[in-house]
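Working notes, beginning with the structure itself.
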Amino acid sequence: MEENNDSKQKSEGNKENNGSKTPGNLLGNKKPKFNALWIYILIAAAILLIYFFDSGQGPVPIDWKFFRNELLLQKEVKEIKVVNEQYVEIYVKEEMLEQPKHQKNLSKKLNSFSKVGPHYTMTIASNDNFSKNLEEAQADLPEAERVYPEYVRKRTFGDSMYLLLPLIILVVFYLVIFRRMGGGSGGGGGTNIFNVGKSKARIFDKDENIRLDFKDVAGLEEAKMEVKEIVDFLKKPKKYTDLGGKIPKGALLVGPPGTGKTLLAKAVAGEAHVPFFSLSGSDFVEMFVGVGASRVRDLFKQAKEKAPCIVFIDEIDAIGRARGRNPNMGANDERENTLNQLLTEMDGFASNAGVIILAATNRADILDKALLRAGRFDRQIYVELPDLNERKEIFKVHLRPLKIDKELDVDFLARQTPGFSGADIANVCNEAALIAARKNKKSVQKQDFLDAVDRIVGGLEKKNKIISLDEKKTIAYHEAGHATVSWMLEHASPLVKVTIIPRGKSLGAAWYLPEERQITTRDQLLQEMTATLGGRAAEQIIFGKLSTGALNDLERVTKQAYAMVAYFGLSEKIGNMSFYDSSGQSEYSFQRPYSDKTAELIDEEAKSIVDLQYVEAMNILNQHKEGLVQLADQLLEKEVIFTEDLEKIFGKRIFKADVSRETERKEDVKAVEDENTAE
Ligand code: NHX
Ligand code: ZN
């Protein structure tokens, strides 16, 4: 359901990456694109400019003889400057410049600056030396016509480099860092200083066809209705505003992972035929202060320019988490700023601006309450795990591209996959096809699907794991214990199969088909616990000693027992109290909302529940010890046994076995099918 269009998505992504189609570019094609090269050029130009201005316009180098005989003694020198104790700059009197000897020297080098000078330059050994020589040379001249040098200090090229170097290093450092961060997947054309504050949203324009519409979304009927309305708001806003209503600003898609929130948003984009901005909550997060907020601002600026349009923020919990509850303050300031900006932006535009925000999260409870209030995300659309009929629809979608066996029963597949999300089902279908291909089959068969389900629920089979005979026996009795106990209990989940083939992290497993129900009774909880404890109870009865193998079982049972006592109000001593916190606020507080005495009582009650169920499991196993041994023997022999084998040992399950429910269900399915055909 989710994965179906992934390949298409990827190709779209690639197109965006290697083209120059960044969001900024889409908006303003006229602006030249800034990049790092410009900085280098600017710096180089600046350095050259400084160099040329400071070191004069290229005076002609001369020696002492020429200086003394042709300039000094001819009284043609206007000014002498001794620079940095290194060289002398000589300025010739303006009226003397016309002389041919100067013209010959200067004209090829100097044009416009020839009047100003300096015209000649001469290197000197030292200041003292030069002034002594100068004095001697002028000794015969009258006082008024003597020239006295001026001592100046000038910044040379080296000096300017010395000043600029830290700056250059800083800039290079910055560039390198930005390259690093922008590198890798490169969210749409390399990142650099100039667009770090820009939003990273990808735009799907109305002409860019997203080949995905509501027909591709199976199940989710209610959510689809809600979302369709949003599309309608954008297409015909007048219909709603004429009656005085306000167009909602945003809708929040809430639901567990893999249920199709992103898919739904994509379908909206495909149906609405308006620009669609897509980004993830984590796109706002950067290591620099203020970047998140500026990206939010930029996103809304772009969106308003393109209105009417839809903005989709995936995984909004990355920024939308409740503010100010985390005790480790400071680290979250940046995220809070981003959230504040988002809040003000959502409030900031008028309702007729035609921008609708869709956001997806799987944890609505931890979102900031300010985000959920009316005027921001006024609607919450719940996208839940698919039920039997919806799973059937989803299977149909994902089976379309597969070559399946003609006899394959979609209804059966849907029944075998309780609690699966749309993404899981997509995975099952894909895995089944791969398994069938591995076996060189012409089409994908029922068994391939079952294997795929097992693989996804239990992990990879590890047939080659070395297990000693003793261990194998322990495992077999453990699993047989589960099977026997659950067989004898009315409200325990019906067993599908038992296996001692190692899979994933577990060495053996009893597979149940949990009933899909909305509420669970106390008896059901207790009996499921008994069945879970049946494994260890069998080890105890048969071998008289325990093993570490029950870790997972005990973990489940303990959690369940505490939940019963502290959350569901199912114990006598605690009574009708629940310490469950659906607001998600208690996550950061270290204080329990009850006294130490109550804590003790909770522990006591939980323990007594588990103890009681363990005794119950022992009783059942003691009563059916022969069956248990038979079952374990069969397991050791066959490694996998099914419900039929259990029936042979224990006889049919005596309980009314959900027959009534079964027919009800079939009628339900039929009713829905009739409805569908009627449409
Ligand atoms: C292990 N796993 O990790 C093995 C592979 C054995 C009773 N040592 O209840 O697979 O034994 O009904 C450290 C120490 C997990 C880590 C002990 C991690 C024990 C599953 C439990 C089957 N089926 N248990 C079951 C199972 C195991 C475990 C551990 C650990 C059987 C049992 C795990
Ligand atoms: Zn077990």
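Scheme for the structure tokens: letters A, B, ... for chains in order shown; per-chain residue numbers from 1; ligand numbers from 1 in order shown.
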* **Contacts of ligand 2, 7 Å or closer, only C-alpha atoms and all ligand atoms, given as a PyMOL selection string** => chain A and resi 478-479+482+509+532+535-536+550+552-553
File dump, residues just selected, C-alpha atoms, as a PDB file, in the first residue's frame:
```
ATOM      1  CA  HIS A 478       8.089 -25.864  25.885  1.00  0.00           C
ATOM      2  CA  GLU A 479       6.161 -25.347  22.673  1.00  0.00           C
ATOM      3  CA  HIS A 482       1.944 -23.612  24.988  1.00  0.00           C
ATOM      4  CA  ALA A 509       7.192 -20.792  18.535  1.00  0.00           C
ATOM      5  CA  THR A 532       2.025 -17.997  27.555  1.00  0.00           C
ATOM      6  CA  GLY A 535       5.825 -23.267  27.995  1.00  0.00           C
ATOM      7  CA  ARG A 536       7.701 -22.876  31.233  1.00  0.00           C
ATOM      8  CA  ALA A 550      11.100 -18.482  28.785  1.00  0.00           C
ATOM      9  CA  ASN A 552      10.248 -13.629  26.092  1.00  0.00           C
ATOM     10  CA  ASP A 553       7.219 -15.351  27.566  1.00  0.00           C
TER      11      ASP A 553
END
```
* For ligand 1, list the contacting residues at 9 Å or closer, counting only C-alpha atoms and all ligand atoms, as number ranges by chain. => A: 471-472, 474-482, 498, 500, 502-511, 532-536, 539, 547-554
* Just how far from atom CA of A:Val231 is atom CA of A:Glu271, in Å to one decimal? -> 7.3 Å
* To do: Enumerate the residues of stretch 499-609 of chain A with a DSSP assignment of strand (DSSP E), computed from the backbone, and present them as a list in words.
  =>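 So, restricting stretch 499-609 of chain A to strand (DSSP E), we get Thr499, Ala509, Ala510, Trp511 and Tyr512 of chain A.
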Would you save the residues from that selection as a tab-separated table (two decimals), in the first residue's frame, using N, CA, C and O atoms?
```tsv
chain	number	residue	atom	x	y	z
A	499	THR	N	5.92	-24.89	16.00
A	499	THR	CA	7.14	-25.28	15.31
A	499	THR	C	8.34	-25.21	16.23
A	499	THR	O	8.39	-24.40	17.16
A	509	ALA	N	8.32	-21.70	18.31
A	509	ALA	CA	7.19	-20.79	18.54
A	509	ALA	C	5.87	-21.51	18.37
A	509	ALA	O	5.77	-22.49	17.64
A	510	ALA	N	4.88	-21.00	19.09
A	510	ALA	CA	3.51	-21.43	18.87
A	510	ALA	C	2.80	-20.26	18.19
A	510	ALA	O	2.86	-19.14	18.69
A	511	TRP	N	2.22	-20.52	17.05
A	511	TRP	CA	1.60	-19.44	16.28
A	511	TRP	C	0.10	-19.41	16.53
A	511	TRP	O	-0.57	-20.42	16.37
A	512	TYR	N	-0.36	-18.24	16.90
A	512	TYR	CA	-1.79	-18.07	17.12
A	512	TYR	C	-2.35	-17.15	16.06
A	512	TYR	O	-1.62	-16.40	15.41
```
* Among listed residues A:Leu252, A:Ile366, A:Leu264, A:Leu343, nearest A:Arg297 (using only C-alpha atoms) -> A:Leu343
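Between atom CA of A:Phe568 and atom CA of A:Leu489 lies a distance of 22.2 Å.
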* Looking at only C-alpha atoms, which of A:Arg376, A:Arg415, A:Lys442, A:Lys78 is the one that sits closest to A:Phe395? ->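 Of A:Arg376, A:Arg415, A:Lys442, A:Lys78, the one nearest A:Phe395 is A:Arg415, counting only C-alpha atoms.
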* To do: Please provide the set of residues having any atom within 8 Å of A:Glu390, restricted to only C-alpha atoms, with same-chain residues fewer than 6 positions apart removed, written as a ChimeraX atom specification.
  => /A:218-220
* To do: Find the residues near stretch 619-627 of chain A: any atom within 12 Å, counting only C-alpha atoms, skip ones fewer than 2 places away on the same chain, and give them as a PyMOL selection string.
  => chain A and resi 477-478+480-489+527+530-531+533-542+612-617+629-634+645-651
* To do: May I have all residues of stretch 277-331 of chain A that DSSP, computed from the backbone, assigns to helix (DSSP H, G or I), given as a list of chain:residue names?
  => A:Gly281, A:Ser282, A:Asp283, A:Phe284, A:Val291, A:Gly292, A:Ala293, A:Ser294, A:Arg295, A:Val296, A:Arg297, A:Asp298, A:Leu299, A:Phe300, A:Lys301, A:Gln302, A:Ala303, A:Lys304, A:Glu305, A:Lys306, A:Asp317, A:Ala318, A:Ile319, A:Gly320
* To do: Would you mind telling me which residue in A:Arg153, A:Lys235, A:Arg379, A:Arg522 lies nearest to A:Pro248 when using only C-alpha atoms?
  =>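 With only C-alpha atoms as the atom set, the closest residue is A:Arg379.
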* Asked: For A:Lys81, which residue among A:Val147, A:Val355, A:Leu42, A:Asn133 is the nearest when counting only C-alpha atoms?
  -> A:Val147
